[in-house]
Amino acid sequence: MGRPVGFFEIISADAERARGFYSELFGWSAPADQDGGYALVDTNAGEGAIGGGIGPAENPGEAGVKIYVQVDDLEKTLEEAVKLGGTTLVEPAPLPGDYGRFAVFADPDGNPVGLWG
């Protein structure tokens with residue numbers, strides 16, 4: 001059985017501009033409601049829609065779009081990604097609140113992919 005995409009993230013050098021752009025273009029709601037200007041996105045697509053976040057880039061070259069795939073075991077999936085040619089970028093770490101944990105790896109082409117569990 002495949003694993004669902006559970007979250008997306010848009011990181012921008014100008015997060016406020018990105019929030020305005022995507023809100024206007026797609027009708028999303030993305031108020032900057034967390035420290036540092038990070039915004040949880042409501043795509044207004046109804047129950048069961050994938051949620052996301054828009055936030056500021058903290059380091060040069062960090063801007064971009066990333067998906068987070070829901071997995072049962074972060075460590076095991078990260079280990080498998082490395083075995084298949086990926087590289088660990090962020091070790092498993094807790095998310096704020098009750099949102100679980102996350103990790104990030106780069107696929108063999110260097111694309112960052114998040115894991116959420």
# chains A, B, ... in the order shown; residues from 1 in each chain; ligands from 1

$ residues_around --residues "stretch 41-57 of chain A" --least-positions-apart "3" --cutoff "6 Å" --atoms "only C-alpha atoms" --output "ChimeraX atom specification"
/A:6-13,15,28-30,38,62-63

$ closest_atom_pairs --of "stretch 42-70 of chain A" --to "stretch 90-111 of chain A" --cutoff "12 Å" --atoms "only C-alpha atoms" --output "CSV"
residue,atom,partner,partner_atom,distance
A:Glu62,CA,A:Asn111,CA,11.4
A:Gly64,CA,A:Asn111,CA,9.9
A:Val65,CA,A:Asn111,CA,9.6
A:Lys66,CA,A:Asn111,CA,8.4
A:Ile67,CA,A:Val104,CA,9.8
A:Tyr68,CA,A:Phe102,CA,8.4
A:Val69,CA,A:Phe102,CA,9.6
A:Gln70,CA,A:Phe102,CA,9.2

$ select_by_dssp --residues "chain A" --states "helix (DSSP H, G or I)" --output "PyMOL selection string"
chain A and resi 15-26+35-37+74-83

$ write_last_selection --atoms "N, CA, C and O atoms" --output "short mmCIF file (atom, residue, chain, number, x, y, z; two decimals), in the first residue's frame"
data_model
loop_
_atom_site.label_atom_id
_atom_site.label_comp_id
_atom_site.auth_asym_id
_atom_site.auth_seq_id
_atom_site.Cartn_x
_atom_site.Cartn_y
_atom_site.Cartn_z
N ALA A 15 8.17 35.37 2.72
CA ALA A 15 7.01 34.54 3.08
C ALA A 15 5.70 35.33 3.00
O ALA A 15 4.67 34.79 2.60
N GLU A 16 5.73 36.59 3.37
CA GLU A 16 4.51 37.41 3.30
C GLU A 16 4.03 37.53 1.86
O GLU A 16 2.85 37.39 1.57
N ARG A 17 4.95 37.77 0.95
CA ARG A 17 4.60 37.83 -0.47
C ARG A 17 4.06 36.49 -0.95
O ARG A 17 3.06 36.43 -1.66
N ALA A 18 4.70 35.39 -0.54
CA ALA A 18 4.25 34.06 -0.94
C ALA A 18 2.84 33.77 -0.43
O ALA A 18 2.01 33.23 -1.16
N ARG A 19 2.57 34.14 0.84
CA ARG A 19 1.22 33.93 1.38
C ARG A 19 0.18 34.69 0.56
O ARG A 19 -0.87 34.17 0.21
N GLY A 20 0.48 35.95 0.23
CA GLY A 20 -0.44 36.75 -0.58
C GLY A 20 -0.63 36.16 -1.96
O GLY A 20 -1.76 36.08 -2.47
N PHE A 21 0.46 35.73 -2.58
CA PHE A 21 0.40 35.15 -3.93
C PHE A 21 -0.50 33.92 -3.97
O PHE A 21 -1.43 33.84 -4.77
N TYR A 22 -0.23 32.95 -3.10
CA TYR A 22 -0.99 31.70 -3.13
C TYR A 22 -2.42 31.89 -2.64
O TYR A 22 -3.34 31.24 -3.14
N SER A 23 -2.63 32.79 -1.70
CA SER A 23 -3.99 33.06 -1.23
C SER A 23 -4.83 33.66 -2.35
O SER A 23 -5.98 33.25 -2.58
N GLU A 24 -4.24 34.62 -3.06
CA GLU A 24 -4.96 35.27 -4.16
C GLU A 24 -5.17 34.31 -5.34
O GLU A 24 -6.25 34.23 -5.91
N LEU A 25 -4.14 33.57 -5.68
CA LEU A 25 -4.20 32.69 -6.85
C LEU A 25 -5.16 31.52 -6.65
O LEU A 25 -5.96 31.20 -7.52
N PHE A 26 -5.08 30.86 -5.47
CA PHE A 26 -5.85 29.64 -5.26
C PHE A 26 -6.98 29.77 -4.25
O PHE A 26 -7.69 28.80 -3.99
N ASP A 35 5.25 31.89 15.41
CA ASP A 35 6.49 32.66 15.55
C ASP A 35 7.32 32.58 14.27
O ASP A 35 7.38 31.55 13.61
N GLY A 36 7.92 33.67 13.93
CA GLY A 36 8.78 33.70 12.75
C GLY A 36 8.03 33.88 11.45
O GLY A 36 8.61 33.78 10.38
N GLY A 37 6.72 34.11 11.49
CA GLY A 37 5.96 34.35 10.28
C GLY A 37 5.51 33.10 9.53
O GLY A 37 5.10 33.18 8.39
N LEU A 74 9.40 6.80 11.20
CA LEU A 74 10.34 7.76 10.60
C LEU A 74 11.73 7.17 10.43
O LEU A 74 12.34 7.28 9.37
N GLU A 75 12.25 6.58 11.50
CA GLU A 75 13.61 6.06 11.45
C GLU A 75 13.77 4.98 10.39
O GLU A 75 14.73 5.00 9.61
N LYS A 76 12.84 4.06 10.33
CA LYS A 76 12.91 2.96 9.36
C LYS A 76 12.81 3.50 7.93
O LYS A 76 13.56 3.08 7.05
N THR A 77 11.91 4.44 7.70
CA THR A 77 11.74 4.99 6.35
C THR A 77 12.96 5.80 5.95
O THR A 77 13.42 5.72 4.80
N LEU A 78 13.52 6.57 6.88
CA LEU A 78 14.72 7.34 6.60
C LEU A 78 15.90 6.41 6.27
O LEU A 78 16.65 6.64 5.33
N GLU A 79 16.01 5.35 7.02
CA GLU A 79 17.06 4.35 6.77
C GLU A 79 16.90 3.74 5.38
O GLU A 79 17.88 3.56 4.64
N GLU A 80 15.68 3.44 5.00
CA GLU A 80 15.40 2.86 3.68
C GLU A 80 15.73 3.87 2.57
O GLU A 80 16.28 3.51 1.53
N ALA A 81 15.39 5.15 2.79
CA ALA A 81 15.70 6.19 1.80
C ALA A 81 17.20 6.28 1.56
O ALA A 81 17.66 6.36 0.41
N VAL A 82 17.99 6.22 2.64
CA VAL A 82 19.45 6.28 2.52
C VAL A 82 19.97 5.03 1.80
O VAL A 82 20.84 5.11 0.92
N LYS A 83 19.41 3.87 2.13
CA LYS A 83 19.81 2.62 1.49
C LYS A 83 19.56 2.66 -0.02
O LYS A 83 20.32 2.10 -0.81
#

$ decode --residues "stretch 96-113 of chain A" --atoms "C-alpha atoms" --output "tab-separated table (two decimals), in the first residue's frame"
chain	number	residue	atom	x	y	z
A	96	PRO	CA	5.47	21.92	17.89
A	97	GLY	CA	2.24	21.00	19.64
A	98	ASP	CA	0.62	17.66	18.98
A	99	TYR	CA	1.61	17.42	15.33
A	100	GLY	CA	3.92	14.41	15.70
A	101	ARG	CA	7.47	14.22	14.36
A	102	PHE	CA	9.22	14.89	11.06
A	103	ALA	CA	12.43	14.17	9.18
A	104	VAL	CA	13.78	15.28	5.80
A	105	PHE	CA	15.91	13.49	3.24
A	106	ALA	CA	17.22	14.33	-0.23
A	107	ASP	CA	16.36	11.90	-2.98
A	108	PRO	CA	19.16	10.73	-5.33
A	109	ASP	CA	18.61	13.88	-7.45
A	110	GLY	CA	18.93	16.18	-4.42
A	111	ASN	CA	15.22	16.99	-4.06
A	112	PRO	CA	14.24	17.42	-0.40
A	113	VAL	CA	11.34	15.23	0.75
